[in-house]
Structures are given as structure tokens and as C-alpha cells.
file work-v4.txt (compact mmCIF, C-alpha atoms)
# COMPACT_ATOMS: atom_id res chain seq x y z
CA MET A 114 38.40 60.70 20.96
CA ARG A 115 40.97 58.44 22.63
CA TYR A 116 40.05 58.06 26.29
CA ARG A 117 40.53 55.17 28.68
CA LEU A 118 37.48 52.91 28.64
CA ARG A 119 36.11 52.10 32.10
CA ALA A 120 33.13 50.01 33.25
CA GLY A 121 30.85 53.08 33.28
CA SER A 122 31.67 54.27 29.76
CA PHE A 123 31.64 50.68 28.45
CA ALA A 124 28.15 50.19 29.91
CA TRP A 125 27.02 53.44 28.31
CA MET A 126 28.31 52.36 24.89
CA ILE A 127 26.54 48.99 25.17
CA GLN A 128 23.34 50.83 26.13
CA ARG A 129 23.63 53.21 23.16
CA ILE A 130 24.47 50.59 20.55
CA SER A 131 21.86 48.08 21.76
CA GLY A 132 19.27 50.86 21.97
CA VAL A 133 19.84 51.99 18.39
CA ALA A 134 19.98 48.37 17.12
CA LEU A 135 16.72 47.48 18.88
CA THR A 136 14.99 50.55 17.45
CA ILE A 137 16.00 49.45 13.96
CA TYR A 138 14.86 45.89 14.74
CA ILE A 139 11.40 47.15 15.81
CA PHE A 140 10.69 48.15 12.19
CA PHE A 141 11.55 44.68 10.87
CA HIS A 142 9.43 43.18 13.63
CA LEU A 143 6.42 45.34 12.74
CA TYR A 144 6.86 44.46 9.06
CA TYR A 145 6.81 40.76 9.96
CA LEU A 146 3.71 41.23 12.10
CA SER A 147 1.94 43.11 9.32
CA SER A 148 2.16 39.96 7.19
CA LEU A 149 -0.26 38.21 9.58
CA ARG A 150 -3.13 39.32 7.31
CA ASP A 151 -1.56 37.70 4.27
CA PRO A 152 -1.08 33.87 4.51
CA VAL A 153 1.26 33.63 1.49
CA LYS A 154 3.56 36.38 2.68
CA PHE A 155 3.47 35.06 6.21
CA GLU A 156 4.52 31.59 5.13
CA LEU A 157 7.36 33.08 3.09
CA LEU A 158 8.69 35.09 6.03
CA ARG A 159 8.16 32.19 8.46
CA LYS A 160 10.37 29.96 6.31
CA LEU A 161 13.14 32.54 6.69
CA LEU A 162 13.22 31.73 10.40
CA ASP A 163 14.53 28.23 9.64
CA ASP A 164 17.67 29.72 8.11
CA PRO A 165 20.65 29.22 10.49
CA PHE A 166 21.81 32.81 9.89
CA VAL A 167 18.44 34.10 11.04
CA LYS A 168 18.69 31.79 14.06
CA PHE A 169 22.01 33.44 14.98
CA GLY A 170 20.29 36.76 14.45
CA GLU A 171 17.58 35.73 16.91
CA ALA A 172 20.21 34.80 19.49
CA GLY A 173 21.83 38.18 18.83
CA LEU A 174 18.46 39.84 19.39
CA LEU A 175 18.16 38.05 22.73
CA LEU A 176 21.64 39.32 23.64
CA LEU A 177 20.70 42.92 22.74
CA VAL A 178 17.47 42.77 24.75
CA ILE A 179 19.23 41.28 27.78
CA ALA A 180 22.11 43.80 27.59
CA HIS A 181 19.76 46.77 27.23
CA SER A 182 17.29 45.73 29.92
CA PHE A 183 19.87 44.63 32.51
CA ASN A 184 21.95 47.76 32.08
CA GLY A 185 18.71 49.73 32.17
CA ILE A 186 17.86 48.18 35.54
CA ARG A 187 21.38 49.09 36.74
CA LEU A 188 20.85 52.71 35.71
CA ILE A 189 17.41 52.88 37.34
CA LEU A 190 18.85 51.53 40.60
CA LEU A 191 21.62 54.15 40.47
CA ASP A 192 19.07 56.88 39.75
CA MET A 193 16.94 55.69 42.66
CA GLY A 194 19.80 56.28 45.07
CA VAL A 195 22.16 53.28 45.00
CA PRO A 196 25.55 54.91 45.74
CA THR A 197 27.96 55.60 42.87
CA ARG A 198 30.66 53.34 44.35
CA MET A 199 28.35 50.42 43.48
CA GLN A 200 28.16 51.24 39.76
CA LYS A 201 31.00 48.94 38.68
CA THR A 202 29.81 46.08 40.89
CA LEU A 203 26.30 46.51 39.49
CA PHE A 204 27.72 46.42 35.96
CA PHE A 205 29.52 43.13 36.62
CA ILE A 206 26.47 41.64 38.33
CA ALA A 207 24.33 42.67 35.33
CA ALA A 208 26.88 41.23 32.89
CA LEU A 209 27.13 37.94 34.78
CA THR A 210 23.40 37.34 35.29
CA GLY A 211 22.70 38.57 31.76
CA GLY A 212 25.33 36.17 30.40
CA ILE A 213 23.80 33.21 32.25
CA ILE A 214 20.29 34.07 31.05
CA PHE A 215 21.59 34.51 27.50
CA PHE A 216 23.24 31.09 27.65
CA ILE A 217 20.05 29.41 28.92
CA GLY A 218 17.83 31.40 26.56
CA SER A 219 19.82 30.91 23.39
CA TRP A 220 20.06 27.14 23.82
CA PRO A 221 16.53 26.41 22.52
CA ILE A 222 17.17 28.76 19.58
CA LEU A 223 20.59 27.47 18.56
CA GLY A 224 20.32 23.92 19.96
CA GLY A 225 19.06 22.52 16.68
CA ILE A 226 21.93 23.84 14.54
CA LEU A 227 24.94 23.63 16.86
CA MET B 209 66.65 57.33 39.74
CA LYS B 210 64.77 55.75 36.86
CA THR B 211 64.36 56.83 33.25
CA TYR B 212 60.85 57.63 32.07
CA ASN B 213 59.73 58.20 28.51
CA PHE B 214 57.40 61.18 28.17
CA LYS B 215 55.39 61.23 24.95
CA ILE B 216 53.79 64.64 24.71
CA LYS B 217 51.23 65.90 22.22
CA ARG B 218 52.50 69.26 21.00
CA PHE B 219 50.54 71.77 18.98
CA ASN B 220 50.91 75.40 18.18
CA PRO B 221 47.74 76.29 16.21
CA SER B 222 49.15 79.65 15.09
CA GLU B 223 52.09 77.97 13.29
CA GLU B 224 51.18 74.32 12.67
CA SER B 225 48.21 72.70 10.99
CA SER B 226 48.12 69.51 13.06
CA PRO B 227 49.45 68.27 16.42
CA GLN B 228 52.79 66.42 16.62
CA TRP B 229 54.02 63.88 19.14
CA GLN B 230 57.37 64.51 20.76
CA GLU B 231 59.24 62.14 23.06
CA PHE B 232 61.56 62.99 25.95
CA SER B 233 63.61 60.77 28.27
CA VAL B 234 63.69 62.06 31.81
CA GLN B 235 65.54 60.81 34.89
CA MET B 236 63.07 60.78 37.76
CA ASP B 237 63.27 60.05 41.45
CA PRO B 238 60.39 57.81 42.64
CA MET B 239 59.34 60.52 45.10
CA GLU B 240 58.76 63.03 42.31
CA ARG B 241 55.51 63.82 40.54
CA LEU B 242 54.62 63.98 36.89
CA LEU B 243 54.68 67.78 37.03
CA ASP B 244 58.33 67.65 38.15
CA GLY B 245 59.08 65.69 34.97
CA LEU B 246 57.40 68.34 32.81
CA ILE B 247 59.35 71.09 34.58
CA LYS B 248 62.59 69.13 34.00
CA ILE B 249 61.81 68.88 30.28
CA LYS B 250 61.09 72.60 30.09
CA ASP B 251 64.26 73.47 32.03
CA ASN B 252 66.70 71.06 30.40
CA SER B 253 65.43 69.77 27.06
CA ASP B 254 62.94 72.07 25.38
CA GLY B 255 62.06 75.49 26.77
CA THR B 256 59.21 75.88 24.29
CA LEU B 257 57.11 73.14 25.95
CA THR B 258 54.06 74.97 27.29
CA PHE B 259 51.87 73.90 30.18
CA ARG B 260 50.00 75.56 33.04
CA ARG B 261 51.02 75.09 36.62
CA SER B 262 50.67 77.23 39.67
CA CYS B 263 50.39 75.82 43.17
CA ALA B 264 51.75 72.34 42.36
CA HIS B 265 49.84 70.99 45.36
CA GLY B 266 46.50 69.95 43.91
CA ILE B 267 44.59 73.08 44.86
CA CYS B 268 44.67 75.50 41.94
CA GLY B 269 43.66 73.00 39.25
CA SER B 270 45.97 74.53 36.62
CA CYS B 271 47.89 71.42 35.63
CA ALA B 272 44.90 69.26 34.63
CA MET B 273 45.79 67.20 31.56
CA LYS B 274 45.16 63.82 29.94
CA ILE B 275 47.72 61.42 31.41
CA ASN B 276 47.86 57.96 29.81
CA GLY B 277 44.35 58.41 28.44
CA LYS B 278 42.75 59.65 31.65
CA ASN B 279 42.31 63.19 32.95
CA GLY B 280 44.05 64.19 36.14
CA LEU B 281 46.38 66.69 37.78
CA ALA B 282 50.07 66.38 36.87
CA CYS B 283 51.03 67.63 40.34
CA GLN B 284 48.98 64.91 42.02
CA THR B 285 50.27 62.03 39.88
CA LEU B 286 53.16 60.27 41.60
CA ILE B 287 55.77 59.04 39.17
CA LYS B 288 56.30 55.80 41.12
CA ASN B 289 52.73 54.79 40.26
CA MET B 290 53.29 55.33 36.53
CA PRO B 291 54.52 52.94 33.82
CA GLU B 292 57.84 53.81 32.14
CA ARG B 293 56.07 55.18 29.07
CA ILE B 294 53.84 58.13 29.85
CA THR B 295 51.59 59.72 27.26
CA ILE B 296 50.50 63.27 27.97
CA GLU B 297 47.86 65.20 26.04
CA PRO B 298 45.97 68.43 26.68
CA LEU B 299 42.47 68.17 28.16
CA ALA B 300 40.13 66.91 25.46
CA ALA B 301 37.21 68.92 24.05
CA TYR B 302 38.68 72.34 24.82
CA PRO B 303 40.47 74.28 22.06
CA VAL B 304 44.27 74.05 22.35
CA ILE B 305 46.10 77.36 22.76
CA LYS B 306 49.57 75.77 22.81
CA ASP B 307 50.79 72.28 23.72
CA LEU B 308 49.10 71.39 27.03
CA VAL B 309 47.45 74.77 27.54
CA VAL B 310 43.76 74.84 26.58
CA ASP B 311 41.25 77.64 26.27
CA MET B 312 38.83 77.19 29.18
CA THR B 313 36.62 80.20 28.44
CA GLN B 314 33.66 77.97 27.46
CA PHE B 315 34.14 75.91 30.60
CA PHE B 316 33.96 78.94 32.87
CA MET B 317 31.01 80.37 30.95
CA LYS B 318 29.05 77.17 31.67
CA SER B 319 29.60 77.72 35.38
CA GLU B 320 28.51 81.31 35.04
CA GLU B 321 25.22 80.10 33.55
CA VAL B 322 24.23 78.49 36.84
CA LEU B 323 24.91 81.69 38.86
CA PRO B 324 27.84 80.41 40.91
CA TYR B 325 27.49 82.82 43.84
CA LEU B 326 25.33 83.20 46.92
CA ILE B 327 22.03 84.96 46.25
CA ASN B 328 20.25 86.10 49.38
CA ALA B 329 18.53 89.49 49.60
CA GLU B 330 17.68 89.11 53.31
CA THR B 331 19.47 91.48 55.65
CA PRO B 332 22.70 89.75 56.63
CA PRO B 333 23.21 88.97 60.31
CA GLU B 334 25.87 90.82 62.27
CA ARG B 335 28.35 87.99 61.82
CA GLU B 336 28.32 85.17 59.22
CA ARG B 337 25.17 83.39 57.98
CA LEU B 338 25.06 80.26 60.10
CA GLN B 339 24.44 76.69 58.99
CA SER B 340 23.78 73.56 60.98
CA LYS B 341 26.25 70.68 60.74
CA ASP B 342 23.77 68.64 58.70
CA GLU B 343 23.19 71.51 56.27
CA GLN B 344 26.93 71.91 55.82
CA GLN B 345 27.38 68.17 55.37
CA LYS B 346 25.03 68.26 52.38
CA ILE B 347 27.31 70.55 50.35
CA LEU B 348 30.66 69.68 51.89
CA GLU B 349 31.81 67.39 49.07
CA SER B 350 30.68 69.70 46.28
CA ILE B 351 32.55 72.64 47.85
CA THR B 352 35.88 70.86 47.37
CA CYS B 353 35.70 71.33 43.56
CA ILE B 354 38.78 73.19 42.32
CA MET B 355 37.40 73.89 38.81
CA CYS B 356 40.28 72.13 37.04
CA GLY B 357 38.01 71.05 34.17
CA SER B 358 39.03 67.36 34.26
CA CYS B 359 35.43 66.18 34.64
CA THR B 360 33.79 68.15 31.84
CA SER B 361 36.65 67.27 29.50
CA SER B 362 36.28 63.55 30.29
CA CYS B 363 32.53 63.51 29.57
CA PRO B 364 31.57 61.79 26.27
CA THR B 365 28.32 63.76 26.24
CA TYR B 366 30.30 67.00 26.33
CA TRP B 367 32.58 65.80 23.50
CA SER B 368 29.56 65.46 21.24
CA ASP B 369 27.60 68.47 22.45
CA LYS B 370 29.52 71.57 23.44
CA GLU B 371 26.28 73.27 24.47
CA TYR B 372 25.86 70.78 27.32
CA LEU B 373 26.45 72.41 30.71
CA GLY B 374 28.83 69.66 31.78
CA PRO B 375 29.46 68.00 35.14
CA ALA B 376 31.44 70.90 36.67
CA ALA B 377 28.67 73.46 36.11
CA LEU B 378 26.01 71.03 37.34
CA LEU B 379 28.07 70.34 40.46
CA LYS B 380 28.35 74.10 40.98
CA ALA B 381 24.56 74.35 40.66
CA TYR B 382 24.17 71.58 43.26
CA ARG B 383 26.52 73.44 45.60
CA PHE B 384 24.19 76.47 45.70
CA ILE B 385 20.81 74.74 45.27
CA PHE B 386 21.44 72.60 48.35
CA ASP B 387 22.99 75.49 50.32
CA SER B 388 20.62 76.42 53.17
CA ARG B 389 21.82 80.06 53.00
CA ASP B 390 20.92 80.53 49.35
CA ARG B 391 17.54 81.84 48.21
CA ALA B 392 17.68 81.50 44.40
CA PHE B 393 16.52 77.88 44.38
CA ASP B 394 13.88 78.26 41.65
CA GLU B 395 15.93 80.43 39.34
CA ARG B 396 18.97 78.20 39.52
CA LEU B 397 16.97 75.01 39.08
CA GLY B 398 15.26 76.62 36.09
CA ARG B 399 18.65 77.25 34.53
CA ILE B 400 19.70 73.60 34.64
CA ILE B 401 16.44 71.82 33.78
CA HIS B 402 16.62 71.71 30.02
CA ALA B 403 17.67 69.29 27.30
CA GLN B 404 21.26 70.51 27.37
CA GLY B 405 21.44 70.73 31.12
CA LEU B 406 20.56 68.17 33.75
CA TRP B 407 18.90 65.69 31.39
CA ARG B 408 21.93 65.44 29.12
CA CYS B 409 23.83 63.51 31.80
CA HIS B 410 23.75 59.80 30.87
CA SER B 411 25.47 58.49 34.01
CA ILE B 412 28.68 57.44 32.28
CA TYR B 413 30.78 58.04 35.42
CA ASN B 414 33.86 59.26 33.54
CA CYS B 415 33.74 62.49 35.55
CA VAL B 416 33.81 60.60 38.84
CA GLU B 417 36.85 58.62 37.66
CA ALA B 418 38.63 61.78 36.49
CA CYS B 419 37.98 64.08 39.46
CA PRO B 420 41.28 64.67 41.31
CA LYS B 421 39.34 65.66 44.41
CA GLU B 422 37.40 62.36 44.28
CA ILE B 423 34.02 64.09 44.24
CA ASP B 424 31.07 61.83 43.42
CA ILE B 425 29.92 64.19 40.65
CA THR B 426 27.41 61.86 39.00
CA GLY B 427 25.93 61.13 42.43
CA HIS B 428 25.38 64.86 42.95
CA ILE B 429 23.85 65.23 39.48
CA THR B 430 21.55 62.27 40.21
CA GLU B 431 20.40 64.01 43.37
CA LEU B 432 19.63 67.13 41.31
CA LYS B 433 17.63 64.95 38.89
CA ARG B 434 15.60 63.50 41.75
CA LEU B 435 15.02 66.99 43.13
CA ALA B 436 13.85 68.22 39.71
CA VAL B 437 11.37 65.33 39.37
CA LYS B 438 10.06 65.85 42.94
CA ASN B 439 9.67 69.55 42.26
CA PHE B 440 7.77 68.85 39.03
CA PHE B 441 5.22 66.63 40.80
CA LYS B 442 4.87 69.03 43.71
CA ARG B 443 4.02 71.87 41.33
CA ASN B 444 1.57 69.85 39.28
CA LYS B 445 -0.32 68.43 42.24
call {"tool": "encode", "arguments": {"input": "work-v4.txt", "output": "C-alpha cells"}}
result
Amino acid sequence: MRYRLRAGSFAWMIQRISGVALTIYIFFHLYYLSSLRDPVKFELLRKLLDDPFVKFGEAGLLLLVIAHSFNGIRLILLDMGVPTRMQKTLFFIAALTGGIIFFIGSWPILGGIL
Amino acid sequence: MKTYNFKIKRFNPSEESSPQWQEFSVQMDPMERLLDGLIKIKDNSDGTLTFRRSCAHGICGSCAMKINGKNGLACQTLIKNMPERITIEPLAAYPVIKDLVVDMTQFFMKSEEVLPYLINAETPPERERLQSKDEQQKILESITCIMCGSCTSSCPTYWSDKEYLGPAALLKAYRFIFDSRDRAFDERLGRIIHAQGLWRCHSIYNCVEACPKEIDITGHITELKRLAVKNFFKRNK
């Protein structure tokens, strides 16, 4: 469907995509946690985390979590009664603060390889 | 006078298998509206171009269409505010009957589901049923809906789920649920509180952007959501 993309529909798409991606991630996360009982397997998986690709993946994970939670807060505020005319402003505020937090947060993750 | 290029999506499902794009060059005065351009095409270039129009003053809602990727009324779109290339398509998500004319049966049936009329069995007063200014204020914005279908057709949720009531029907429900003269509060609320009703709205705000009457549709739906939650807790106290 070709329809002009506006802040509201863009925010919705981000929310959908990040939501689905995080749900898929949860399974990998639980698999990793399940290896805590097995020292050999744990060490094997832990070594994976030193891989630069996985490091980028971790930064990507941070981005997904920030996008999903900040847009989620925006939606909750709108549901609680913040007027509709504020929805675009709230989206840009969420994007800006989320971007700053992502920048600060991803530095310790990527600092070693960049 | 300035020349505008109209690119129109044409489709006659009874004769063709897929839609075709057709382009027309039209001389337009800056004071004219998009609808005037369509009428000029029909009068001078191609009489087979089919579109709905009735009042041409933004009240009947007949000429709702997708203009440059966004739903709106052709009669309310001033040509001076448009780029030289204008793409016109029929409203999305409704079946095309011919060119820009769509079948809105489903759309009207959704409104019917929420009982879009006053229900009050009490004996009517001698003159009209009165409302206070505050009570009227509550429904004033929702009353201005002209049922053009722009909102429901712009809703991504509706594109993917045709069973969804859609913003127009939910707005209609709001209009009667918050009407102090109406008495079918519970029945009407019951008809919208389900997975394909109120809770299918994901606050995408496309409907608000599309509405030619500038109604804050999502805001009204949000108010219905809050009412539904309040009602739930009140009942389960």
C-alpha cells in the first residue's frame, strides 16, 4: 500500500518492527542464559561476545530497546490524555533523547573496536 | 493560468484485469480546486473518467480520494497549494467500482454495527430533548463527521484487517455514547469492545491527518478506550 509516511505511521512501524525483533531476541537470550548450568557451553557462548559483529549486534539491541521503550512511553502519555496535537512533538522528543542515550550507551560497547 | 499534470489511476474491473495510469495536462487557474481539474478532464479530454462528486463544498464527502499519497476531498484541495504533478488514486482498501469510484458498502455497514442513531425509549418532551452547553461541547467535534471514508481508508490497521470497525465507525460510536440524550450506553459500548473494535486502534494518527473536517479521531477513540477501562474496573469492584 503506497501511502504518505508521517511521524505517526513511522513511529508505529518502528514500534512494530522493534517489537517483533525483540521478541525473537528473547529466545536467543533465554538460550544463552540456559547455558549458565554448563561451564563449557557458557565459555563457548561468552567468547562469541568478543566478536565485533556480535558487538554491533549488541549496539543494535540497545537501539531496539530504546526505540521500543521511548515510543512506548510516548503512546502511554497519549493514552493518558496528552492531546493529539502533541503526538509529533512527542515523537521528535523521544527520537532525540533516545538518540542521545543510544550514543552514550553504545560507546562502552563499541569503544573498543571503533 | 498554469498547466498541471494529472496522473490518474484508472481501472474498470469488469473489462480490465489490472489498473492503468493515465496522464492529463490541464490548464488551471490558481483559484480553482482539484475537483475543477477532474471536471475539466471529464468535459474536455476523456468523458469516461469516473469519479463521485455532489456538493463540491466539502459537506457531502463524495469526492474523497487519495491525492498525492494522502486521502482528502478533491473539492477542498486548492490547486495553488499543489505541486505541478498531481497523482490521484481511489480511496485505498475499498473495492474499486470504476476509476475513482469505490464500493463503500462495507464502510457503511461498519457504522451500522455501532447503532448510529439516537436510542431513547423515554417519553419525548413537547419540544426537542435539551442539552446543556457542556454536554453539547463533548460531542460537537464528532458531529462534524461527513462520512467521506478518508479516515478508515487511511488506516494501516484497516488495510490489514477488513473486519476492524475502523476510525469512522468508532467516532460514530463516540458521538452517541457521549451524547447525554442517548440511553443505549451499555449496548453500544458492548458492540465496540472487542478485538476487532476499539482495541484494534494502534494510535497511528493517519486518520487524524486525513480527516478533511480536521476531527481529532484518534483522540476520540482514546477517550473511548479510557471509558472502557474505567467501566471495566467499576463493574469488577
call {"tool": "closest_residue", "arguments": {"input": "work-v4.txt", "among": "A:Leu223, A:Leu157, A:Ala124, A:Ile130", "to": "chain B", "atoms": "all atoms listed in the file"}}
result
A:Ala124
call {"tool": "interface_residues", "arguments": {"input": "work-v4.txt", "of": "chain B", "to": "chain A", "cutoff": "6 Å", "atoms": "all atoms listed in the file", "output": "count of residues only"}}
result
6
call {"tool": "residues_around", "arguments": {"input": "work-v4.txt", "residues": "Thr360 in chain B", "least_positions_apart": "3", "cutoff": "10 Å", "atoms": "only C-alpha atoms", "output": "JSON, numbers by chain"}}
result
{"B": [279, 299, 300, 301, 302, 315, 355, 356, 357, 363, 364, 365, 366, 367, 372, 373, 374, 375, 376, 377, 378, 414, 415, 418, 419]}
call {"tool": "residues_around", "arguments": {"input": "work-v4.txt", "residues": "Asn289 in chain B", "least_positions_apart": "6", "cutoff": "12 Å", "atoms": "all atoms listed in the file", "output": "list in words"}}
result
Tyr212, Asp237, Pro238, Met239, Glu240, Arg241, Leu242 and Asn276 of chain B
call {"tool": "atom_distance", "arguments": {"input": "work-v4.txt", "atom1": "CA of Val416 in chain B", "atom2": "CA of Ser358 in chain B"}}
result
9.7 Å
call {"tool": "atom_distance", "arguments": {"input": "work-v4.txt", "atom1": "CA of Thr426 in chain B", "atom2": "CA of Cys263 in chain B"}}
result
27.2 Å
call {"tool": "atom_distance", "arguments": {"input": "work-v4.txt", "atom1": "CA of His181 in chain A", "atom2": "CA of Ile222 in chain A"}}
result
19.7 Å
call {"tool": "residues_around", "arguments": {"input": "work-v4.txt", "residues": "range 431-443 of chain B", "least_positions_apart": "3", "cutoff": "7 Å", "atoms": "all atoms listed in the file", "output": "ChimeraX atom specification"}}
result
/B:382,406,427-428
call {"tool": "residues_around", "arguments": {"input": "work-v4.txt", "residues": "Arg391 in chain B", "least_positions_apart": "5", "cutoff": "12 Å", "atoms": "all atoms listed in the file", "output": "list of chain:residue names"}}
result
B:Leu323, B:Tyr325, B:Leu326, B:Ile327, B:Asn328, B:Ala329, B:Glu330, B:Phe384, B:Ile385, B:Phe386, B:Arg396, B:Leu397
call {"tool": "write_last_selection", "arguments": {"input": "work-v4.txt", "atoms": "C-alpha atoms", "output": "PDB file, in the frame of the given file"}}
result
ATOM      1  CA  LEU B 323      24.910  81.690  38.860  1.00  0.00           C
ATOM      2  CA  TYR B 325      27.490  82.820  43.840  1.00  0.00           C
ATOM      3  CA  LEU B 326      25.330  83.200  46.920  1.00  0.00           C
ATOM      4  CA  ILE B 327      22.030  84.960  46.250  1.00  0.00           C
ATOM      5  CA  ASN B 328      20.250  86.100  49.380  1.00  0.00           C
ATOM      6  CA  ALA B 329      18.530  89.490  49.600  1.00  0.00           C
ATOM      7  CA  GLU B 330      17.680  89.110  53.310  1.00  0.00           C
ATOM      8  CA  PHE B 384      24.190  76.470  45.700  1.00  0.00           C
ATOM      9  CA  ILE B 385      20.810  74.740  45.270  1.00  0.00           C
ATOM     10  CA  PHE B 386      21.440  72.600  48.350  1.00  0.00           C
ATOM     11  CA  ARG B 396      18.970  78.200  39.520  1.00  0.00           C
ATOM     12  CA  LEU B 397      16.970  75.010  39.080  1.00  0.00           C
TER      13      LEU B 397
END
call {"tool": "closest_residue", "arguments": {"input": "work-v4.txt", "among": "A:Ile139, A:Ala134, A:Leu190, A:Leu149", "to": "Ala207 in chain A", "atoms": "all atoms listed in the file"}}
result
A:Leu190
call {"tool": "closest_residue", "arguments": {"input": "work-v4.txt", "among": "B:Val309, B:Ala264, B:Ala392, B:Ile216", "to": "Thr295 in chain B", "atoms": "only C-alpha atoms"}}
result
B:Ile216
call {"tool": "residues_around", "arguments": {"input": "work-v4.txt", "residues": "Ser253 in chain B", "least_positions_apart": "6", "cutoff": "10 Å", "atoms": "only C-alpha atoms", "output": "JSON, numbers by chain"}}
result
{"B": [232, 233, 234, 246, 247]}
call {"tool": "write_last_selection", "arguments": {"input": "work-v4.txt", "atoms": "C-alpha atoms", "output": "compact mmCIF listing (two decimals), keeping the file's coordinate frame"}}
result
# COMPACT_ATOMS: atom_id res chain seq x y z
CA PHE B 232 61.56 62.99 25.95
CA SER B 233 63.61 60.77 28.27
CA VAL B 234 63.69 62.06 31.81
CA LEU B 246 57.40 68.34 32.81
CA ILE B 247 59.35 71.09 34.58
call {"tool": "closest_residue", "arguments": {"input": "work-v4.txt", "among": "A:Ala172, A:Leu177, A:Leu162, A:Val153", "to": "Ile137 in chain A", "atoms": "all atoms listed in the file"}}
result
A:Leu177
call {"tool": "closest_residue", "arguments": {"input": "work-v4.txt", "among": "A:Lys168, A:Tyr145, A:Ser219, A:Leu203", "to": "Ile189 in chain A", "atoms": "all atoms listed in the file"}}
result
A:Leu203
